[in-house]
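What's in coords22.txt: compact mmCIF, C-alpha atoms
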```
# COMPACT_ATOMS: atom_id res chain seq x y z
CA MET A 29 105.56 101.85 90.16
CA PRO A 30 107.70 104.10 87.97
CA VAL A 31 110.63 105.76 89.67
CA ARG A 32 109.75 109.33 90.49
CA PRO A 33 112.09 112.12 91.54
CA LEU A 34 112.25 112.69 95.26
CA PRO A 35 110.49 115.95 96.12
CA ALA A 36 112.10 118.47 98.42
CA LEU A 37 109.92 117.31 101.32
CA LEU A 38 111.21 113.76 101.11
CA THR A 39 114.80 114.84 100.44
CA SER A 40 114.88 117.08 103.50
CA ALA A 41 113.17 114.48 105.65
CA LEU A 42 115.62 111.84 104.52
CA ALA A 43 118.50 114.07 105.46
CA LEU A 44 116.95 114.78 108.84
CA SER A 45 116.15 111.15 109.53
CA LEU A 46 119.68 110.03 108.83
CA THR A 47 120.90 112.40 111.52
CA VAL A 48 118.55 111.00 114.16
CA LEU A 49 118.08 107.33 113.16
CA PRO A 50 120.44 104.48 112.43
CA LEU A 51 119.78 103.04 108.97
CA ALA A 52 118.12 100.02 110.51
CA GLY A 53 116.80 101.91 113.50
CA THR A 54 114.32 100.39 115.89
CA ALA A 55 113.46 103.52 117.85
CA SER A 56 109.83 103.53 118.97
CA ALA A 57 107.47 104.48 121.75
CA ARG A 58 108.07 100.96 123.01
CA PRO A 59 111.64 100.39 121.78
CA ALA A 60 112.71 97.09 120.31
CA PRO A 61 115.89 95.56 121.72
CA PRO A 62 118.65 97.88 120.49
CA SER A 63 120.71 94.91 119.35
CA SER A 64 118.06 93.38 117.06
CA CYS A 65 119.96 94.49 113.95
CA SER A 66 123.45 94.74 115.38
CA ALA A 67 126.23 92.78 113.71
CA ARG A 68 126.49 90.63 116.82
CA ALA A 69 122.75 89.86 116.82
CA ILE A 70 122.79 88.96 113.14
CA GLU A 71 125.70 86.58 113.58
CA ALA A 72 124.09 85.03 116.67
CA ALA A 73 120.75 84.42 114.95
CA SER A 74 119.64 80.80 115.07
CA PRO A 75 119.85 78.94 111.75
CA ASP A 76 116.38 77.58 112.54
CA GLY A 77 114.96 81.07 112.91
CA PRO A 78 114.12 83.78 110.37
CA ASP A 79 116.74 85.33 108.10
CA VAL A 80 117.62 88.21 110.40
CA ARG A 81 120.28 89.55 108.05
CA ALA A 82 117.73 89.90 105.22
CA LEU A 83 115.11 91.38 107.55
CA CYS A 84 117.55 94.00 108.77
CA ALA A 85 118.57 94.74 105.19
CA ALA A 86 114.91 95.32 104.37
CA LEU A 87 114.65 97.94 107.10
CA ALA A 88 117.93 99.62 106.22
CA GLY A 89 117.73 103.00 104.56
CA LEU A 90 114.14 103.89 105.44
CA PRO A 91 112.57 106.24 104.56
CA ASP A 92 113.10 105.82 100.84
CA LYS A 93 111.03 106.34 97.70
CA ASP A 94 109.00 103.16 98.33
CA ALA A 95 108.24 103.41 102.05
CA THR A 96 108.49 105.90 104.88
CA ALA A 97 108.35 103.36 107.73
CA ALA A 98 108.09 99.63 108.35
CA LEU A 99 107.16 97.50 111.36
CA ILE A 100 107.88 93.75 111.25
CA ARG A 101 107.11 90.95 113.72
CA VAL A 102 108.24 87.37 113.11
CA GLY A 103 107.02 84.59 115.40
CA GLY A 104 107.10 80.85 115.79
CA LYS A 105 110.44 79.09 115.92
CA GLY A 106 112.80 82.01 116.42
CA SER A 107 110.96 85.29 117.03
CA TRP A 108 112.21 88.70 115.92
CA HIS A 109 110.82 92.20 115.56
CA GLY A 110 112.07 95.51 114.30
CA ALA A 111 111.02 98.94 113.10
CA ALA A 112 112.57 101.66 111.00
CA GLY A 113 111.74 104.87 109.21
CA VAL A 114 109.90 107.97 110.38
CA ARG A 115 106.64 108.68 112.12
CA ASP A 116 106.15 111.98 110.34
CA MET A 117 107.95 113.20 107.23
CA ARG A 118 107.68 116.81 108.37
CA THR A 119 109.60 116.30 111.59
CA GLY A 120 111.65 113.17 110.91
CA ALA A 121 110.52 111.73 114.27
CA PRO A 122 111.35 108.02 114.45
CA ALA A 123 108.70 105.45 113.61
CA LEU A 124 106.69 104.01 116.48
CA GLU A 125 106.95 100.24 116.73
CA ASN A 126 103.60 99.95 118.53
CA ALA A 127 101.86 102.21 116.01
CA ARG A 128 98.29 101.66 114.93
CA PHE A 129 97.62 101.50 111.21
CA ARG A 130 94.95 100.82 108.62
CA ALA A 131 95.06 97.06 108.08
CA GLY A 132 92.99 97.04 104.89
CA SER A 133 91.73 93.69 103.63
CA THR A 134 93.18 91.73 106.53
CA THR A 135 89.79 92.80 107.95
CA LYS A 136 88.37 89.89 105.96
CA ILE A 137 89.97 87.43 108.39
CA VAL A 138 87.92 88.95 111.20
CA THR A 139 84.73 88.90 109.11
CA SER A 140 85.28 85.29 108.07
CA ALA A 141 85.92 84.26 111.68
CA ILE A 142 82.66 85.84 112.88
CA VAL A 143 80.65 84.13 110.12
CA LEU A 144 82.25 80.77 110.92
CA GLN A 145 81.51 81.27 114.63
CA LEU A 146 77.85 81.90 113.77
CA ALA A 147 77.88 78.71 111.70
CA ALA A 148 79.37 76.78 114.64
CA GLU A 149 76.59 78.17 116.84
CA GLY A 150 73.96 76.94 114.38
CA ARG A 151 72.72 80.48 113.69
CA ILE A 152 73.53 80.23 110.00
CA SER A 153 74.37 77.49 107.54
CA LEU A 154 77.26 77.89 105.13
CA ASP A 155 74.98 76.32 102.53
CA GLY A 156 72.25 78.84 103.34
CA THR A 157 71.76 81.62 100.83
CA VAL A 158 71.93 85.39 100.70
CA GLN A 159 68.31 85.31 99.57
CA GLN A 160 67.40 83.41 102.75
CA TYR A 161 69.29 85.59 105.25
CA LEU A 162 68.97 88.96 103.49
CA PRO A 163 65.66 88.81 101.66
CA GLY A 164 65.21 91.59 99.14
CA LEU A 165 68.91 92.42 98.89
CA LEU A 166 69.28 90.73 95.51
CA THR A 167 66.85 90.89 92.61
CA LYS A 168 65.19 87.86 91.03
CA ASP A 169 67.88 87.92 88.34
CA PHE A 170 70.34 86.32 90.76
CA ALA A 171 70.68 82.58 91.24
CA PRO A 172 70.97 81.45 94.88
CA ILE A 173 74.31 82.53 96.39
CA THR A 174 75.50 80.62 99.46
CA VAL A 175 77.36 81.97 102.48
CA ARG A 176 80.26 79.67 101.61
CA GLN A 177 80.48 81.20 98.13
CA LEU A 178 80.72 84.66 99.68
CA LEU A 179 83.47 83.44 102.01
CA ASN A 180 85.59 81.94 99.22
CA PHE A 181 84.99 84.68 96.63
CA THR A 182 82.93 82.55 94.22
CA SER A 183 79.58 84.33 94.64
CA GLY A 184 79.58 85.85 91.17
CA LEU A 185 78.68 89.27 92.54
CA GLN A 186 80.16 92.11 90.54
CA PRO A 187 82.14 94.94 92.18
CA GLY A 188 80.09 97.56 93.98
CA ALA A 189 80.27 101.34 94.14
CA SER A 190 83.56 103.07 94.85
CA LEU A 191 84.80 106.57 95.57
CA GLY A 192 87.83 106.00 93.36
CA GLU A 193 89.56 103.04 91.76
CA ASP A 194 92.99 104.20 92.93
CA VAL A 195 94.53 106.69 95.35
CA ASP A 196 94.70 109.48 92.77
CA ASP A 197 90.99 109.17 91.99
CA GLY A 198 89.92 108.65 95.59
CA TYR A 199 91.91 111.46 97.23
CA PRO A 200 89.46 114.28 96.35
CA HIS A 201 86.65 112.16 97.86
CA ARG A 202 88.51 111.04 100.98
CA PHE A 203 86.08 112.70 103.39
CA GLU A 204 82.91 111.52 101.65
CA THR A 205 80.76 108.65 102.89
CA LEU A 206 79.61 105.64 100.89
CA THR A 207 77.50 103.23 102.93
CA PRO A 208 77.70 99.44 102.62
CA GLU A 209 74.11 99.45 101.39
CA GLU A 210 75.05 101.84 98.59
CA VAL A 211 78.06 99.71 97.69
CA VAL A 212 75.90 96.58 97.43
CA ALA A 213 73.08 98.34 95.59
CA ALA A 214 75.52 99.36 92.85
CA SER A 215 76.69 95.77 92.53
CA VAL A 216 73.14 94.45 92.33
CA ALA A 217 72.30 97.05 89.66
CA LYS A 218 75.00 95.53 87.43
CA GLY A 219 73.29 92.17 87.62
CA PRO A 220 74.87 88.71 88.02
CA ASP A 221 78.19 87.80 86.47
CA PRO A 222 77.22 87.18 82.83
CA ASP A 223 79.92 84.56 82.35
CA HIS A 224 79.89 82.48 85.54
CA ALA A 225 77.20 81.08 87.81
CA PRO A 226 77.80 81.19 91.59
CA GLY A 227 80.42 78.65 92.62
CA GLU A 228 82.02 78.38 89.16
CA PHE A 229 84.72 81.06 89.26
CA GLN A 230 86.84 82.67 91.96
CA ARG A 231 87.25 86.43 91.73
CA TYR A 232 88.65 88.33 94.66
CA GLY A 233 86.79 91.47 95.66
CA ASN A 234 85.42 93.46 98.57
CA ILE A 235 81.79 92.97 97.57
CA HIS A 236 81.61 89.41 98.95
CA TYR A 237 82.65 90.55 102.41
CA THR A 238 80.55 93.70 102.35
CA VAL A 239 77.52 91.43 101.99
CA LEU A 240 78.86 89.19 104.78
CA GLY A 241 79.08 92.23 107.05
CA LEU A 242 75.42 92.99 106.38
CA LEU A 243 74.56 89.34 107.02
CA ILE A 244 76.35 89.44 110.39
CA GLU A 245 74.36 92.51 111.40
CA LYS A 246 71.05 90.98 110.28
CA VAL A 247 71.60 87.64 112.02
CA THR A 248 72.94 89.10 115.29
CA GLY A 249 70.81 92.25 115.45
CA ASP A 250 74.01 94.08 116.33
CA SER A 251 76.59 96.22 114.58
CA TYR A 252 79.42 94.47 112.79
CA ALA A 253 82.03 96.47 114.73
CA HIS A 254 80.56 95.50 118.11
CA GLN A 255 80.36 91.83 117.13
CA ALA A 256 84.04 91.94 116.17
CA ALA A 257 84.90 93.52 119.50
CA VAL A 258 82.98 91.09 121.73
CA ARG A 259 83.73 87.95 119.75
CA ILE A 260 87.38 88.48 118.82
CA PHE A 261 89.17 91.61 119.98
CA ARG A 262 88.26 91.52 123.67
CA PRO A 263 88.61 87.74 124.20
CA LEU A 264 92.05 87.78 122.56
CA GLY A 265 93.26 90.90 124.35
CA MET A 266 93.56 92.88 121.11
CA ARG A 267 93.36 96.15 123.01
CA HIS A 268 94.59 98.36 120.19
CA THR A 269 92.34 97.01 117.43
CA SER A 270 89.08 98.68 116.42
CA PHE A 271 87.02 100.13 113.62
CA PRO A 272 86.52 103.84 112.99
CA ALA A 273 83.32 105.36 114.33
CA GLY A 274 81.33 105.65 111.12
CA PRO A 275 82.89 108.21 108.80
CA ASP A 276 85.64 109.28 111.24
CA PRO A 277 88.73 109.71 109.01
CA ARG A 278 91.28 109.65 111.83
CA ILE A 279 93.50 106.93 113.30
CA HIS A 280 93.18 107.41 117.04
CA GLY A 281 96.13 106.62 119.29
CA PRO A 282 99.83 106.48 118.35
CA HIS A 283 100.40 105.98 114.63
CA ASN A 284 102.88 106.59 111.85
CA ARG A 285 101.54 108.87 109.15
CA GLY A 286 100.83 107.43 105.71
CA TYR A 287 101.97 108.95 102.42
CA ASP A 288 101.36 108.27 98.75
CA TRP A 289 102.61 109.63 95.45
CA ILE A 290 99.90 111.75 93.83
CA ASP A 291 100.69 113.74 90.68
CA GLY A 292 104.40 113.34 91.33
CA LYS A 293 104.19 114.66 94.89
CA LEU A 294 104.41 112.79 98.19
CA VAL A 295 101.07 113.55 99.87
CA ASP A 296 99.95 112.83 103.43
CA VAL A 297 96.96 110.46 103.10
CA THR A 298 96.56 109.51 106.78
CA GLU A 299 93.11 111.02 107.27
CA TRP A 300 90.62 109.13 105.10
CA ASN A 301 86.99 108.10 105.58
CA MET A 302 87.00 104.31 105.07
CA SER A 303 83.29 103.70 105.67
CA ASP A 304 82.83 102.20 102.19
CA ARG A 305 85.24 99.38 103.12
CA PHE A 306 83.19 98.21 106.12
CA ALA A 307 83.65 94.49 106.83
CA ALA A 308 85.98 94.14 103.84
CA GLY A 309 88.74 96.57 104.83
CA ASP A 310 88.03 99.08 107.62
CA LEU A 311 90.20 97.58 110.40
CA ILE A 312 92.73 99.57 112.46
CA SER A 313 95.23 97.47 114.41
CA THR A 314 98.86 96.91 115.44
CA THR A 315 101.40 94.26 114.47
CA ALA A 316 101.34 92.81 117.99
CA ASP A 317 97.54 92.49 117.95
CA LEU A 318 97.48 90.89 114.51
CA GLU A 319 100.20 88.44 115.59
CA ARG A 320 98.01 87.55 118.57
CA LEU A 321 95.10 86.98 116.18
CA VAL A 322 96.95 84.66 113.83
CA PHE A 323 98.27 82.46 116.65
CA ALA A 324 94.85 82.14 118.30
CA LEU A 325 93.09 81.58 114.99
CA PHE A 326 95.39 78.86 113.70
CA ARG A 327 95.28 77.12 117.11
CA GLY A 328 91.50 76.84 116.92
CA GLN A 329 90.88 79.33 119.74
CA VAL A 330 88.75 81.66 117.59
CA VAL A 331 86.88 79.36 115.21
CA PRO A 332 86.23 75.76 116.29
CA GLU A 333 86.58 72.68 114.14
CA PRO A 334 85.14 71.72 111.71
CA GLN A 335 84.37 75.31 110.68
CA LEU A 336 88.04 76.27 110.92
CA GLU A 337 88.79 73.98 107.98
CA GLU A 338 86.94 76.44 105.73
CA MET A 339 89.90 78.78 106.22
CA PHE A 340 92.27 76.15 104.87
CA THR A 341 90.12 74.80 102.06
CA VAL A 342 90.51 76.22 98.55
CA PRO A 343 87.53 75.46 96.31
CA ASP A 344 88.12 72.92 93.56
CA ILE A 345 88.00 75.48 90.76
CA ASP A 346 90.65 76.10 88.12
CA GLY A 347 92.92 78.94 89.19
CA ALA A 348 91.54 79.22 92.72
CA THR A 349 94.06 80.07 95.46
CA MET A 350 91.84 81.54 98.19
CA SER A 351 89.86 79.96 100.98
CA ALA A 352 87.58 81.70 103.46
CA SER A 353 89.63 84.95 103.71
CA LEU A 354 93.10 83.39 103.38
CA GLU A 355 95.29 82.67 100.37
CA ARG A 356 97.48 79.61 99.98
CA PHE A 357 100.92 79.86 98.43
CA GLU A 358 104.27 78.13 98.57
CA LEU A 359 107.58 79.73 99.42
CA ASN A 360 110.87 77.88 99.76
CA GLY A 361 109.05 74.58 99.96
CA ARG A 362 106.65 75.73 102.70
CA GLU A 363 102.91 76.00 102.42
CA ILE A 364 101.90 79.38 103.76
CA TRP A 365 98.48 80.85 104.44
CA GLY A 366 98.15 84.60 104.52
CA LYS A 367 96.31 87.80 103.70
CA THR A 368 97.41 91.18 102.44
CA GLY A 369 95.74 94.50 103.12
CA ALA A 370 96.23 97.87 101.48
CA ARG A 371 94.84 101.31 102.19
CA PRO A 372 96.34 104.61 101.06
CA GLY A 373 99.68 104.95 102.84
CA TYR A 374 99.52 101.54 104.56
CA HIS A 375 100.34 98.02 103.37
CA THR A 376 99.82 95.04 105.70
CA VAL A 377 100.62 91.33 105.56
CA ILE A 378 99.64 88.47 107.85
CA ALA A 379 101.16 85.11 106.93
CA ALA A 380 101.94 81.83 108.68
CA THR A 381 102.58 78.16 108.22
CA ARG A 382 99.64 76.05 109.33
CA ASP A 383 101.66 74.64 112.27
CA LEU A 384 102.72 78.17 113.32
CA SER A 385 106.39 77.27 113.11
CA ARG A 386 106.81 80.62 111.35
CA THR A 387 104.59 83.68 111.28
CA VAL A 388 105.08 87.19 110.00
CA VAL A 389 103.05 90.35 110.41
CA TYR A 390 104.14 93.65 108.96
CA SER A 391 102.84 97.13 108.42
CA VAL A 392 104.71 99.12 105.80
CA ASN A 393 103.96 102.77 105.18
CA SER A 394 104.22 102.19 101.46
CA THR A 395 104.12 105.17 99.13
CA ASP A 396 102.29 103.00 96.59
CA ALA A 397 100.25 100.84 98.97
CA LYS A 398 97.43 100.23 96.51
CA GLY A 399 99.81 99.26 93.72
CA ASP A 400 101.46 95.90 93.16
CA GLY A 401 102.34 94.74 96.66
CA LEU A 402 104.63 91.91 95.53
CA ALA A 403 107.80 93.98 95.73
CA ILE A 404 106.91 95.12 99.25
CA ALA A 405 106.17 91.53 100.33
CA GLN A 406 109.39 90.26 98.76
CA ARG A 407 111.33 92.85 100.71
CA PHE A 408 109.66 92.73 104.10
CA ALA A 409 107.85 89.37 104.38
CA PHE A 410 109.71 86.77 102.32
CA PRO A 411 112.88 86.89 104.47
CA ALA A 412 110.85 85.50 107.37
CA PHE A 413 110.50 82.26 105.39
CA ASN A 414 114.00 82.08 103.89
CA ARG A 415 115.00 79.29 106.25
```
Structure encoded using structure tokens:
Amino acid sequence: MPVRPLPALLTSALALSLTVLPLAGTASARPAPPSSCSARAIEAASPDGPDVRALCAALAGLPDKDATAALIRVGGKGSWHGAAGVRDMRTGAPALENARFRAGSTTKIVTSAIVLQLAAEGRISLDGTVQQYLPGLLTKDFAPITVRQLLNFTSGLQPGASLGEDVDDGYPHRFETLTPEEVVAASVAKGPDPDHAPGEFQRYGNIHYTVLGLLIEKVTGDSYAHQAAVRIFRPLGMRHTSFPAGPDPRIHGPHNRGYDWIDGKLVDVTEWNMSDRFAAGDLISTTADLERLVFALFRGQVVPEPQLEEMFTVPDIDGATMSASLERFELNGREIWGKTGARPGYHTVIAATRDLSRTVVYSVNSTDAKGDGLAIAQRFAFPAFNR
């Protein structure tokens, strides 16, 4: 993202925040231990735990041009959590550590888990096809597409309809509704991938999981959101995780407001109808709830074996890095499985080692959340795996 001048709104809010928050402040509705970023706490941090010094450095100075707030939770061997920044740029009120936020494409973990549960129950087969479970959805131009190919992004479906390819384009349409059926219909109208048959090429995209959401509803005779609640959120005690009611553009409950640069100005983008994201990116959650999810999931408490292995199996295709909703990568000699999520004003990461010796969940109120998230991850997530 090119460096832009700080508008008067941000400049004044920065000045205000520095009078009410320490640079690495952890003030919140449920305050973190006040010593989590103190010099004493940093020096006392276990060498087997996360790099607390780097984590505190990441939080220092918020809000800045790249983020207005950040919430980080590190678990496993040596837990740590902290928060910094502001809840609202207008008032400079401190960020809430227990804030709810738009979790973006981390929604796909929930969708994948429901599908794999249905497979474990014998209600679907991963080798069954879209044509079998959703007859009439695809035209005769499409070769059979399996459920597994949807899960691992090799279905060959082309991107569906959108209300804007980026925040600038989408902002004028933020209160409009685009149904999952309309999203899929636009994809089908483009026809199959002209270059790759299903199963031959991995291309990440929301369309695979939009179709999976429709499949869940068809197989269960229930709404996707209710299935997520009864199968995952309630059993795991994820009391602050939900989906918006249809086109409702609000985040209900305590939350930090999201901002994005639009035409050189920092604009509040908190209210936004996310109905077009559906089972691919409509989730609202908290860092504590998502940490609860990753621990239960990796321990086999959400998806049973052998279906759980689908989440840790990358297809044998050149260039493939993703499994059923997770991505595999290596950092400092560790194999890590994780998922990013981005919605206007909110950037989320869930990542963990398979043995759960280290986990990290963050929500960053990024001012370029839909841009390249690598810099944000390097700042706020990588320190959790430094040692």
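Restricting the calculation to all atoms listed in the file, the smallest distance between Val377 in chain A and any of A:Ser66, A:Gln177, A:Thr135, A:Thr298 is found for A:Thr135.
For the pair CA of Arg285 in chain A and CA of Arg128 in chain A, the interatomic distance is 9.8 Å.
Among A:Pro200, A:Gly184, A:Pro222, A:Gly104, the residue with the shortest atom-to-atom distance to Val388 in chain A, counting all atoms listed in the file, is A:Gly104.
With distances taken over all atoms listed in the file, A:Val392 is the one residue among A:Ile312, A:Leu179, A:Val392, A:Ala171 lying closest to Arg115 in chain A.
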Can you pull out every residue within 12 Å of Val295 in chain A, counting only C-alpha atoms, but drop anything in the same chain fewer than 3 positions away, and send it as a ChimeraX atom specification? /A:35,37-38,96,116-118,195-196,199,285-292,298-299,372-373,394-396
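Among A:Lys246, A:Arg130, A:Arg362, A:Lys398, the residue with the shortest atom-to-atom distance to Phe410 in chain A, counting all atoms listed in the file, is A:Arg362.
For the choices A:Met302, A:Ala380, A:Ala256, A:Ala370, the atom-to-atom distance to Phe340 in chain A is smallest for A:Ala380 when using all atoms listed in the file.
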List the neighbours of Phe271 in chain A out to 7 Å using all atoms listed in the file; skip same-chain residues closer than 5 positions along the sequence, and give me the result as an mmCIF file with C-alpha atoms, keeping the file's coordinate frame.
```
data_model
loop_
_atom_site.group_PDB
_atom_site.id
_atom_site.type_symbol
_atom_site.label_atom_id
_atom_site.label_comp_id
_atom_site.auth_asym_id
_atom_site.auth_seq_id
_atom_site.Cartn_x
_atom_site.Cartn_y
_atom_site.Cartn_z
ATOM 1 C CA ALA A 253 82.030 96.470 114.730
ATOM 2 C CA ASP A 310 88.030 99.080 107.620
ATOM 3 C CA LEU A 311 90.200 97.580 110.400
ATOM 4 C CA ILE A 312 92.730 99.570 112.460
#
```
Point out the residue among A:Leu83, A:Val143, A:Val158, A:Ala123 with the least atom-to-atom distance to Ser353 in chain A, counting only C-alpha atoms. A:Val143
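Take CA of Arg101 in chain A and CA of Asn393 in chain A: the distance between them is 14.9 Å.
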Near Ala86 in chain A, within 12 Å and counting all atoms listed in the file, which residues show up once chain neighbours fewer than 6 positions away are dropped, as a tab-separated table (two decimals) with C-alpha atoms, in the coordinates of the input?
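Generated output (out.tsv):
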```tsv
chain	number	residue	atom	x	y	z
A	51	LEU	CA	119.78	103.04	108.97
A	52	ALA	CA	118.12	100.02	110.51
A	53	GLY	CA	116.80	101.91	113.50
A	65	CYS	CA	119.96	94.49	113.95
A	79	ASP	CA	116.74	85.33	108.10
A	80	VAL	CA	117.62	88.21	110.40
A	92	ASP	CA	113.10	105.82	100.84
A	94	ASP	CA	109.00	103.16	98.33
A	95	ALA	CA	108.24	103.41	102.05
A	97	ALA	CA	108.35	103.36	107.73
A	98	ALA	CA	108.09	99.63	108.35
A	99	LEU	CA	107.16	97.50	111.36
A	100	ILE	CA	107.88	93.75	111.25
A	110	GLY	CA	112.07	95.51	114.30
A	111	ALA	CA	111.02	98.94	113.10
A	112	ALA	CA	112.57	101.66	111.00
A	113	GLY	CA	111.74	104.87	109.21
A	390	TYR	CA	104.14	93.65	108.96
A	392	VAL	CA	104.71	99.12	105.80
A	403	ALA	CA	107.80	93.98	95.73
A	404	ILE	CA	106.91	95.12	99.25
A	405	ALA	CA	106.17	91.53	100.33
A	406	GLN	CA	109.39	90.26	98.76
A	407	ARG	CA	111.33	92.85	100.71
A	408	PHE	CA	109.66	92.73	104.10
A	409	ALA	CA	107.85	89.37	104.38
A	410	PHE	CA	109.71	86.77	102.32
A	411	PRO	CA	112.88	86.89	104.47
A	412	ALA	CA	110.85	85.50	107.37
```
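The two atoms in question, CA of Met339 in chain A and CA of Tyr232 in chain A, are spaced 15.0 Å apart.
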